[in-house]
file final10.cif (mmCIF, C-alpha atoms)
data_coords
#
loop_
_atom_site.label_atom_id
_atom_site.label_comp_id
_atom_site.auth_asym_id
_atom_site.auth_seq_id
_atom_site.Cartn_x
_atom_site.Cartn_y
_atom_site.Cartn_z
CA MET A 1 -49.99 5.38 -22.95
CA LYS A 2 -48.07 8.48 -23.93
CA SER A 3 -49.69 11.79 -23.19
CA LYS A 4 -49.34 14.27 -26.06
CA LYS A 5 -49.77 17.11 -23.64
CA LEU A 6 -47.09 15.78 -21.29
CA ILE A 7 -44.70 15.16 -24.20
CA GLY A 8 -45.26 18.70 -25.43
CA ILE A 9 -44.53 20.16 -22.02
CA THR A 10 -41.45 17.96 -21.70
CA LEU A 11 -40.13 19.07 -25.09
CA ILE A 12 -40.53 22.73 -24.10
CA GLY A 13 -38.80 21.97 -20.79
CA MET A 14 -35.91 20.29 -22.63
CA THR A 15 -35.52 23.30 -24.92
CA LEU A 16 -35.38 25.65 -21.95
CA ALA A 17 -33.02 23.33 -20.08
CA SER A 18 -30.65 23.15 -23.04
CA SER A 19 -30.46 26.93 -23.19
CA MET A 20 -29.92 27.29 -19.43
CA PHE A 21 -27.33 24.57 -18.90
CA PRO A 22 -24.33 24.47 -21.27
CA ALA A 23 -23.57 20.83 -20.40
CA PHE A 24 -26.57 19.85 -22.55
CA ALA A 25 -25.89 22.21 -25.47
CA GLU A 26 -24.41 19.51 -27.69
CA TYR A 27 -27.80 17.82 -28.20
CA ASN A 28 -29.26 18.68 -31.61
CA PRO A 29 -32.67 17.10 -32.35
CA ASN A 30 -32.32 17.93 -36.05
CA LYS A 31 -28.92 16.32 -36.47
CA VAL A 32 -28.83 13.69 -39.22
CA VAL A 33 -26.73 10.62 -38.45
CA THR A 34 -25.47 8.70 -41.48
CA GLY A 35 -24.69 5.00 -41.43
CA PRO A 36 -26.05 2.29 -39.10
CA ILE A 37 -27.24 3.59 -35.74
CA THR A 38 -25.17 0.89 -34.02
CA THR A 39 -22.00 2.71 -35.08
CA LEU A 40 -23.01 5.87 -33.19
CA ARG A 41 -21.29 6.19 -29.79
CA LEU A 42 -23.86 7.77 -27.49
CA PRO A 43 -23.01 9.96 -24.51
CA GLN A 44 -23.33 8.31 -21.08
CA ASP A 45 -26.27 10.45 -20.07
CA SER A 46 -28.41 9.71 -23.11
CA PHE A 47 -30.99 7.19 -24.30
CA GLY A 48 -31.39 6.76 -28.02
CA GLY A 49 -29.35 9.94 -28.52
CA LEU A 50 -31.62 12.00 -26.25
CA HIS A 51 -30.63 13.33 -22.84
CA MET A 52 -32.45 11.64 -19.98
CA ASN A 53 -34.49 13.98 -17.80
CA LEU A 54 -36.62 12.98 -14.82
CA VAL A 55 -40.27 13.76 -14.11
CA ILE A 56 -41.71 12.58 -10.77
CA ASN A 57 -45.47 12.71 -10.26
CA ASP A 58 -45.68 15.16 -13.19
CA LYS A 59 -43.03 17.44 -11.67
CA GLY A 60 -39.90 17.94 -13.78
CA LEU A 61 -36.55 17.89 -11.98
CA ASN A 62 -33.56 20.09 -12.79
CA PRO A 63 -31.35 18.08 -15.20
CA GLN A 64 -28.26 19.63 -13.62
CA ASP A 65 -29.25 18.05 -10.30
CA THR A 66 -30.39 14.69 -11.62
CA LYS A 67 -27.38 13.72 -13.76
CA VAL A 68 -28.96 10.44 -14.89
CA TYR A 69 -26.56 8.21 -16.80
CA MET A 70 -26.49 4.83 -18.53
CA LYS A 71 -23.91 2.13 -17.91
CA GLU A 72 -22.24 0.28 -20.78
CA ASN A 73 -24.53 -2.72 -20.18
CA GLY A 74 -27.60 -0.50 -20.74
CA VAL A 75 -28.64 -0.10 -17.08
CA THR A 76 -29.95 3.38 -16.30
CA MET A 77 -28.62 4.83 -13.03
CA ILE A 78 -30.50 7.51 -11.07
CA PRO A 79 -29.54 9.61 -8.01
CA LEU A 80 -30.93 7.95 -4.89
CA ARG A 81 -31.27 10.90 -2.49
CA LEU A 82 -32.91 13.26 -4.97
CA ILE A 83 -35.43 10.65 -6.12
CA SER A 84 -36.20 9.47 -2.58
CA GLU A 85 -36.66 12.91 -1.06
CA THR A 86 -38.82 14.04 -3.98
CA LEU A 87 -41.05 11.01 -3.27
CA GLY A 88 -41.29 11.96 0.41
CA TYR A 89 -38.75 9.58 1.97
CA GLU A 90 -36.40 10.53 4.79
CA VAL A 91 -32.86 9.49 3.83
CA LYS A 92 -30.31 8.40 6.45
CA TRP A 93 -26.65 7.60 5.67
CA ASP A 94 -24.37 5.53 7.91
CA SER A 95 -20.87 6.37 6.64
CA LYS A 96 -19.17 3.66 8.73
CA LYS A 97 -21.36 0.78 7.58
CA LYS A 98 -22.07 2.40 4.20
CA ILE A 99 -25.78 1.76 4.68
CA ILE A 100 -28.58 3.97 3.41
CA GLU A 101 -32.02 3.92 5.02
CA LEU A 102 -35.20 5.24 3.43
CA ILE A 103 -38.10 5.90 5.79
CA LYS A 104 -41.64 6.94 4.92
CA GLY A 105 -44.39 6.15 7.42
CA PRO A 106 -44.41 2.36 7.85
CA GLN A 107 -42.01 1.85 4.94
CA TRP A 108 -38.39 1.08 5.77
CA ILE A 109 -35.85 0.33 3.03
CA MET A 110 -32.15 -0.42 3.45
CA ILE A 111 -29.47 -0.26 0.77
CA LYS A 112 -25.83 -1.31 1.07
CA ALA A 113 -23.67 1.04 -0.97
CA GLU A 114 -21.20 -1.59 -2.17
CA GLU A 115 -23.47 -4.65 -2.42
CA ASP A 116 -26.31 -5.78 -4.66
CA GLN A 117 -28.70 -5.96 -1.70
CA TYR A 118 -31.92 -4.00 -1.36
CA THR A 119 -34.08 -4.71 1.72
CA PHE A 120 -37.75 -3.73 2.05
CA GLY A 121 -39.15 -3.93 5.60
CA LYS A 122 -38.28 -7.19 7.30
CA MET A 123 -38.20 -9.20 4.08
CA ALA A 124 -35.07 -10.92 2.76
CA PRO A 125 -32.73 -8.70 0.69
CA VAL A 126 -33.51 -8.48 -3.04
CA THR A 127 -30.84 -8.40 -5.75
CA LEU A 128 -31.32 -6.18 -8.80
CA GLY A 129 -28.24 -7.23 -10.75
CA THR A 130 -26.54 -3.86 -10.23
CA ILE A 131 -24.47 -2.58 -7.32
CA PRO A 132 -25.15 1.01 -6.16
CA GLU A 133 -22.43 3.40 -7.32
CA ILE A 134 -21.03 6.51 -5.64
CA LYS A 135 -20.06 9.29 -8.04
CA ASN A 136 -19.12 12.85 -7.10
CA GLY A 137 -20.44 12.30 -3.58
CA ARG A 138 -23.81 10.97 -4.78
CA THR A 139 -25.18 7.45 -4.58
CA TYR A 140 -26.75 6.11 -7.78
CA ILE A 141 -29.03 3.08 -7.98
CA PRO A 142 -30.52 1.27 -10.99
CA LEU A 143 -33.86 2.46 -12.33
CA LYS A 144 -35.15 -1.04 -11.59
CA PHE A 145 -35.07 -0.05 -7.90
CA VAL A 146 -38.08 2.21 -8.54
CA THR A 147 -40.22 -0.55 -10.07
CA ASP A 148 -39.09 -3.59 -8.05
CA ILE A 149 -38.53 -2.08 -4.60
CA LEU A 150 -40.59 1.12 -4.44
CA ARG A 151 -43.21 -0.48 -6.74
CA LEU A 152 -43.89 2.69 -8.71
CA GLU A 153 -44.77 3.13 -12.37
CA VAL A 154 -41.93 4.03 -14.74
CA MET A 155 -42.31 5.14 -18.36
CA ARG A 156 -39.66 6.37 -20.78
CA ASP A 157 -41.06 8.44 -23.63
CA GLU A 158 -39.60 9.24 -27.05
CA THR A 159 -38.04 12.47 -25.77
CA GLY A 160 -35.72 10.50 -23.50
CA THR A 161 -37.59 11.68 -20.40
CA ILE A 162 -38.12 9.16 -17.59
CA HIS A 163 -41.49 9.50 -15.87
CA ILE A 164 -41.89 8.09 -12.35
CA LYS A 165 -45.40 8.10 -10.97
CA ASP A 166 -46.84 6.99 -7.64
CA LYS A 167 -50.38 5.96 -8.54
CA ARG A 168 -51.23 5.48 -4.89
CA MET A 169 -50.62 9.19 -4.31
CA ALA A 170 -52.85 10.13 -7.24
CA ILE A 171 -55.64 7.83 -5.99
CA GLU A 172 -55.38 9.18 -2.46
CA LYS A 173 -55.76 12.75 -3.73
CA SER A 174 -58.58 12.11 -6.17
CA VAL A 175 -60.85 9.51 -4.55
CA LEU A 176 -63.53 10.69 -2.12
CA TYR A 177 -65.50 8.56 0.29
CA THR A 178 -68.67 8.79 2.35
CA ASP A 179 -69.69 6.67 5.35
CA GLY A 180 -73.45 6.30 5.36
CA LYS A 181 -76.54 4.20 4.88
CA ILE A 182 -78.26 3.26 1.65
CA ALA A 183 -81.49 5.30 1.78
CA GLU A 184 -82.82 4.20 -1.59
CA ILE A 185 -81.98 1.78 -4.40
CA GLN A 186 -83.16 2.47 -7.93
CA LYS A 187 -83.15 -0.09 -10.73
CA ILE A 188 -83.24 1.42 -14.21
CA ASN A 189 -83.10 -1.35 -16.82
CA ASP A 190 -79.77 -3.07 -16.11
CA ASN A 191 -78.39 -0.14 -14.13
CA THR A 192 -78.40 0.37 -10.37
CA ARG A 193 -78.29 3.70 -8.55
CA ILE A 194 -78.11 4.21 -4.78
CA LEU A 195 -78.84 7.23 -2.58
CA ILE A 196 -76.47 7.45 0.40
CA GLU A 197 -77.24 9.47 3.52
CA VAL A 198 -74.22 10.25 5.64
CA ILE A 199 -73.65 8.77 9.09
CA LYS A 200 -70.17 10.15 9.55
CA LYS A 201 -68.68 12.54 7.05
CA GLY A 202 -65.50 11.17 5.49
CA LYS A 203 -63.72 12.99 2.67
CA GLY A 204 -66.82 13.44 0.56
CA TYR A 205 -70.39 14.72 0.42
CA GLU A 206 -72.97 14.34 3.18
CA SER A 207 -75.44 12.78 0.76
CA ILE A 208 -74.79 11.57 -2.74
CA ILE A 209 -76.31 9.46 -5.49
CA LEU A 210 -73.92 6.92 -6.98
CA ASN A 211 -74.26 4.92 -10.18
CA ILE A 212 -73.00 1.36 -9.85
CA THR A 213 -71.34 -0.03 -12.98
CA GLU A 214 -69.76 -3.36 -13.86
CA ASP A 215 -66.41 -1.86 -12.78
CA THR A 216 -67.63 -1.03 -9.27
CA LYS A 217 -66.12 -3.29 -6.62
CA ILE A 218 -68.56 -4.31 -3.89
CA GLN A 219 -66.97 -6.22 -1.04
CA ASN A 220 -66.75 -7.10 2.60
CA PRO A 221 -63.77 -4.99 3.73
CA VAL A 222 -62.64 -7.45 6.40
CA ASN A 223 -62.21 -10.56 4.22
CA ASN A 224 -62.38 -8.84 0.78
CA LYS A 225 -65.13 -11.21 -0.36
CA GLU A 226 -67.10 -9.86 -3.31
CA ILE A 227 -70.77 -9.01 -2.82
CA SER A 228 -73.31 -8.96 -5.63
CA VAL A 229 -75.09 -5.71 -6.41
CA GLU A 230 -78.35 -7.64 -6.00
CA ASP A 231 -77.43 -8.28 -2.36
CA LEU A 232 -77.37 -4.56 -1.51
CA LYS A 233 -80.31 -3.53 0.64
CA GLU A 234 -81.80 -0.27 1.81
CA GLY A 235 -80.49 0.42 5.30
CA ASP A 236 -77.10 -1.21 4.69
CA THR A 237 -74.23 0.68 6.29
CA ILE A 238 -71.47 1.26 3.73
CA ARG A 239 -68.34 3.21 2.93
CA ALA A 240 -68.58 4.33 -0.69
CA PHE A 241 -65.60 5.55 -2.73
CA TYR A 242 -66.05 7.72 -5.81
CA GLY A 243 -64.16 10.14 -8.03
CA PRO A 244 -64.30 13.94 -7.87
CA ALA A 245 -66.30 14.17 -11.12
CA VAL A 246 -69.89 14.65 -9.89
CA THR A 247 -72.88 16.68 -11.07
CA ARG A 248 -73.77 20.02 -9.48
CA SER A 249 -77.22 18.78 -8.54
CA LEU A 250 -78.48 18.35 -4.98
CA PRO A 251 -77.59 15.73 -4.03
CA PRO A 252 -74.69 15.36 -6.48
CA ILE A 253 -74.51 12.31 -8.72
CA GLY A 254 -71.31 10.37 -9.35
CA LYS A 255 -69.88 6.97 -10.21
CA ALA A 256 -69.09 4.46 -7.47
CA GLU A 257 -65.53 3.12 -7.67
CA LYS A 258 -65.79 0.83 -4.66
CA ILE A 259 -68.40 0.03 -2.02
CA GLN A 260 -67.52 -1.57 1.30
CA VAL A 261 -70.54 -3.17 2.99
CA LEU A 262 -69.93 -2.81 6.72
CA LYS A 263 -72.95 -4.65 8.23
CA SER A 264 -71.73 -5.66 11.74
CA THR A 265 -68.51 -3.68 11.37
CA ALA A 266 -67.59 -0.07 12.11
CA VAL A 267 -64.73 1.82 10.47
CA LEU A 268 -62.26 4.23 12.04
CA ASP A 269 -59.56 6.41 10.48
CA GLY A 270 -56.79 7.94 12.54
CA LYS A 271 -53.26 7.87 13.86
CA ILE A 272 -51.78 5.38 16.34
CA THR A 273 -50.90 7.39 19.44
CA ASP A 274 -50.06 4.57 21.87
CA ILE A 275 -49.25 0.85 21.76
CA ARG A 276 -49.64 -1.41 24.79
CA MET A 277 -48.37 -4.99 24.73
CA ASN A 278 -48.36 -7.72 27.35
CA ASP A 279 -48.42 -11.51 27.40
CA LYS A 280 -52.18 -11.63 26.99
CA SER A 281 -53.03 -8.96 24.44
CA THR A 282 -51.99 -5.99 22.34
CA LYS A 283 -53.90 -2.73 22.36
CA ILE A 284 -53.42 0.33 20.21
CA LEU A 285 -54.89 3.74 20.86
CA VAL A 286 -56.20 5.74 17.93
CA GLY A 287 -56.67 9.38 18.84
CA SER A 288 -56.45 10.87 22.31
CA MET A 289 -57.15 9.27 25.69
CA THR A 290 -60.28 11.41 26.09
CA ASP A 291 -62.00 10.97 22.74
CA GLY A 292 -60.02 8.21 21.02
CA VAL A 293 -60.63 4.48 20.65
CA MET A 294 -58.57 1.63 22.12
CA LEU A 295 -58.44 -1.27 19.66
CA ILE A 296 -57.86 -4.76 21.03
CA ILE A 297 -55.84 -6.93 18.64
CA ASN A 298 -56.17 -10.71 18.80
CA ASP A 299 -55.03 -13.68 16.70
CA GLU A 300 -57.90 -13.18 14.23
CA THR A 301 -57.11 -9.51 13.57
CA LYS A 302 -55.78 -8.96 10.07
CA ILE A 303 -53.01 -6.38 9.72
CA VAL A 304 -52.23 -5.36 6.15
CA THR A 305 -50.85 -2.58 3.97
CA GLU A 306 -53.00 -0.65 1.51
CA GLU A 307 -51.88 -3.17 -1.11
CA ASP A 308 -53.39 -5.91 1.12
CA LYS A 309 -50.01 -7.41 2.03
CA GLU A 310 -49.98 -8.94 5.48
CA ILE A 311 -47.59 -7.43 8.00
CA SER A 312 -46.71 -8.34 11.57
CA ILE A 313 -48.14 -6.76 14.69
CA ASP A 314 -44.54 -5.84 15.49
CA ASP A 315 -44.56 -3.57 12.44
CA LEU A 316 -47.14 -1.26 14.03
CA GLN A 317 -45.62 1.98 15.27
CA LYS A 318 -46.77 5.19 16.90
CA GLY A 319 -47.59 7.87 14.37
CA MET A 320 -48.86 5.47 11.69
CA GLU A 321 -52.04 6.47 9.88
CA ILE A 322 -54.49 3.55 9.77
CA THR A 323 -57.99 2.55 8.81
CA ALA A 324 -59.42 0.11 11.36
CA TYR A 325 -62.48 -2.11 10.95
CA HIS A 326 -63.78 -3.05 14.38
CA ASP A 327 -66.73 -4.47 16.33
CA LEU A 328 -69.83 -2.33 16.75
CA VAL A 329 -69.90 -3.05 20.47
CA MET A 330 -67.69 -0.66 22.46
CA THR A 331 -67.19 -0.21 26.20
CA MET A 332 -68.42 2.94 27.95
CA SER A 333 -64.91 3.57 29.30
CA ILE A 334 -62.65 6.48 28.40
CA PRO A 335 -61.26 5.78 25.91
CA GLY A 336 -63.78 3.32 24.54
CA MET A 337 -62.46 -0.19 23.88
CA THR A 338 -63.45 -2.54 21.06
CA GLY A 339 -62.12 -5.54 19.16
CA ALA A 340 -60.21 -4.91 15.91
CA LYS A 341 -61.15 -7.09 12.95
CA LYS A 342 -58.76 -5.58 10.40
CA ILE A 343 -56.14 -2.83 10.41
CA VAL A 344 -54.96 -1.23 7.17
CA VAL A 345 -51.69 0.70 7.49
CA LYS A 346 -51.63 3.69 5.14
CA GLU A 347 -48.43 4.65 3.33
#
call {"tool": "encode", "arguments": {"input": "final10.cif", "output": "structure tokens"}}
result
Amino acid sequence: MKSKKLIGITLIGMTLASSMFPAFAEYNPNKVVTGPITTLRLPQDSFGGLHMNLVINDKGLNPQDTKVYMKENGVTMIPLRLISETLGYEVKWDSKKKIIELIKGPQWIMIKAEEDQYTFGKMAPVTLGTIPEIKNGRTYIPLKFVTDILRLEVMRDETGTIHIKDKRMAIEKSVLYTDGKIAEIQKINDNTRILIEVIKKGKGYESIILNITEDTKIQNPVNNKEISVEDLKEGDTIRAFYGPAVTRSLPPIGKAEKIQVLKSTAVLDGKITDIRMNDKSTKILVGSMTDGVMLIINDETKIVTEEDKEISIDDLQKGMEITAYHDLVMTMSIPGMTGAKKIVVKE
């Protein structure tokens, strides 16, 4: 859906850009073209006669730096380093092998500069139908790389602007969560409302009232099995996710986006600080040796990304941010040790 506000801002930005950078001065939005549009030879850096600018996560990039262009076969080419670094990736270039690596947390992507091969993690290389091109010392890749490899949302509006948006980043910034117990359940006609009292403060309020709608996901976080709203009980331990739009009452009232029913499971957020492997088991330390938790990983432990894609235990690395669902029982040792049921690697 096109945002009128965003289009308006983009149009103003294009007007300013055209006055600041002479290379774009030839664009005239009021120019009348006679004859069939197919007879018009468009410049390489245009789409439908409009210059292509880039906006990433609602931040406009300098058109002089982006230099987006379109090949004769209609494929849009974008500058790899600028796009990647704006999205938070570290970019490494091996000039001998002509290999580019993109690194961001657990994500590792490899691109061969002269081959149609794009590798994500340890998966087999993917072909996109276009070989990366090097122009004026910059590597350009097809726009399809953003959707098919980085798995981000791409939209091209009527101003010629290309919008790239990482929805995961927007969700991470906007969604709050509270770990607590259901203190009270209210049934009002067909609606359900729950009062949550905090056990451990997450990224939200210490107590909150949440309305449960038909869009609210209620599930077991370990196996992702759905749970009916009728099965919720007072005293249940949950992690509740909700948006920032809440009332100013005490406690505040909001809408539940997702509810994870923990029951015999505890949840832990943190960074992997140590990994210990031997023939019998694998253990990862989350936090410090004095106040952290040692998670024991076995054959039944699920290890997934935030998109619920399974990854190998070998993919775990020090420094990764994770959410771990583990047994309630924990040893009295320092650090405490417990069995991991599921590990979610955050991007």
call {"tool": "resolve_selection", "arguments": {"input": "final10.cif", "expression": "the PyMOL selection byres ((chain A and resi 304) around 10)", "output": "list in words"}}
result
Thr301, Lys302, Ile303, Thr305, Glu306, Glu307, Asp308, Lys309, Glu310, Ile311, Ser312, Ile313, Ile322, Lys342, Ile343, Val344, Val345 and Lys346 of chain A
call {"tool": "closest_residue", "arguments": {"input": "final10.cif", "among": "A:Met320, A:Met52, A:Met289, A:Leu102", "to": "Ser333 (chain A)", "atoms": "all atoms listed in the file"}}
result
A:Met289
call {"tool": "residues_around", "arguments": {"input": "final10.cif", "residues": "Tyr140 (chain A)", "least_positions_apart": "5", "cutoff": "6 Å", "atoms": "all atoms listed in the file", "output": "list in words"}}
result
Met77, Ile78, Pro79, Leu80, Pro132 and Glu133 of chain A
call {"tool": "closest_residue", "arguments": {"input": "final10.cif", "among": "A:Ala240, A:Leu316, A:Ile131, A:Ala256", "to": "Ile199 (chain A)", "atoms": "only C-alpha atoms"}}
result
A:Ala240
call {"tool": "resolve_selection", "arguments": {"input": "final10.cif", "expression": "the PyMOL selection byres ((chain A and resi 261-263) around 8)", "output": "list in words"}}
result
Ile218, Gln219, Asn220, Pro221, Asp236, Thr237, Ile238, Arg239, Ile259, Gln260, Ser264, Thr265, Ala266 and Val267 of chain A
call {"tool": "resolve_selection", "arguments": {"input": "final10.cif", "expression": "the PyMOL selection byres ((chain A and resi 207) around 9)", "output": "list in words"}}
result
Thr178, Gly180, Leu195, Ile196, Glu197, Val198, Gly204, Tyr205, Glu206, Ile208, Ile209, Leu250, Pro251 and Pro252 of chain A
call {"tool": "residues_around", "arguments": {"input": "final10.cif", "residues": "Ile297 (chain A)", "least_positions_apart": "5", "cutoff": "9 Å", "atoms": "all atoms listed in the file", "output": "list in words"}}
result
Ser281, Thr282, Lys283, Ile284, Lys302, Ile313, Gly339, Ala340, Lys341 and Lys342 of chain A
call {"tool": "atom_distance", "arguments": {"input": "final10.cif", "atom1": "CA of Ile194 (chain A)", "atom2": "CA of Leu328 (chain A)"}}
result
24.0 Å
call {"tool": "closest_residue", "arguments": {"input": "final10.cif", "among": "A:Asp166, A:Thr192, A:Ile111, A:Val246", "to": "Ser228 (chain A)", "atoms": "all atoms listed in the file"}}
result
A:Thr192
call {"tool": "residues_around", "arguments": {"input": "final10.cif", "residues": "Ile334 (chain A)", "least_positions_apart": "6", "cutoff": "10 Å", "atoms": "all atoms listed in the file", "output": "PyMOL selection string"}}
result
chain A and resi 288-294
call {"tool": "atom_distance", "arguments": {"input": "final10.cif", "atom1": "CA of Ile56 (chain A)", "atom2": "CA of Leu87 (chain A)"}}
result
7.7 Å
call {"tool": "atom_distance", "arguments": {"input": "final10.cif", "atom1": "CA of Ile109 (chain A)", "atom2": "CA of Val68 (chain A)"}}
result
21.7 Å
call {"tool": "build_atoms", "arguments": {"input": "final10.cif", "residues": "region 296-309 of chain A", "atoms": "N, CA, C and O atoms", "output": "compact mmCIF listing (two decimals), keeping the file's coordinate frame"}}
result
# COMPACT_ATOMS: atom_id res chain seq x y z
N ILE A 296 -58.44 -3.53 20.49
CA ILE A 296 -57.86 -4.76 21.03
C ILE A 296 -57.54 -5.69 19.86
O ILE A 296 -58.43 -6.05 19.08
N ILE A 297 -56.28 -6.07 19.74
CA ILE A 297 -55.84 -6.93 18.64
C ILE A 297 -55.70 -8.36 19.15
O ILE A 297 -55.05 -8.61 20.18
N ASN A 298 -56.30 -9.30 18.44
CA ASN A 298 -56.17 -10.71 18.80
C ASN A 298 -55.63 -11.50 17.62
O ASN A 298 -55.23 -10.93 16.60
N ASP A 299 -55.60 -12.83 17.75
CA ASP A 299 -55.03 -13.68 16.70
C ASP A 299 -55.80 -13.62 15.39
O ASP A 299 -55.27 -13.94 14.33
N GLU A 300 -57.07 -13.22 15.44
CA GLU A 300 -57.90 -13.18 14.23
C GLU A 300 -57.85 -11.81 13.54
O GLU A 300 -58.38 -11.66 12.45
N THR A 301 -57.21 -10.84 14.17
CA THR A 301 -57.11 -9.51 13.57
C THR A 301 -56.16 -9.52 12.38
O THR A 301 -55.02 -9.95 12.50
N LYS A 302 -56.63 -9.05 11.25
CA LYS A 302 -55.78 -8.96 10.07
C LYS A 302 -55.08 -7.61 10.06
O LYS A 302 -55.72 -6.57 10.28
N ILE A 303 -53.78 -7.62 9.81
CA ILE A 303 -53.01 -6.38 9.72
C ILE A 303 -52.34 -6.36 8.35
O ILE A 303 -51.54 -7.25 8.04
N VAL A 304 -52.70 -5.39 7.54
CA VAL A 304 -52.23 -5.36 6.15
C VAL A 304 -51.84 -3.95 5.73
O VAL A 304 -52.18 -2.97 6.40
N THR A 305 -51.13 -3.87 4.60
CA THR A 305 -50.85 -2.58 3.97
C THR A 305 -52.01 -2.23 3.06
O THR A 305 -52.94 -3.02 2.88
N GLU A 306 -51.95 -1.04 2.45
CA GLU A 306 -53.00 -0.65 1.51
C GLU A 306 -53.04 -1.55 0.28
O GLU A 306 -54.06 -1.62 -0.40
N GLU A 307 -51.93 -2.23 0.01
CA GLU A 307 -51.88 -3.17 -1.11
C GLU A 307 -52.33 -4.56 -0.68
O GLU A 307 -52.17 -5.53 -1.41
N ASP A 308 -52.87 -4.67 0.55
CA ASP A 308 -53.39 -5.91 1.12
C ASP A 308 -52.30 -6.96 1.36
O ASP A 308 -52.55 -8.15 1.31
N LYS A 309 -51.09 -6.50 1.65
CA LYS A 309 -50.01 -7.41 2.03
C LYS A 309 -49.95 -7.51 3.54
O LYS A 309 -49.91 -6.49 4.23
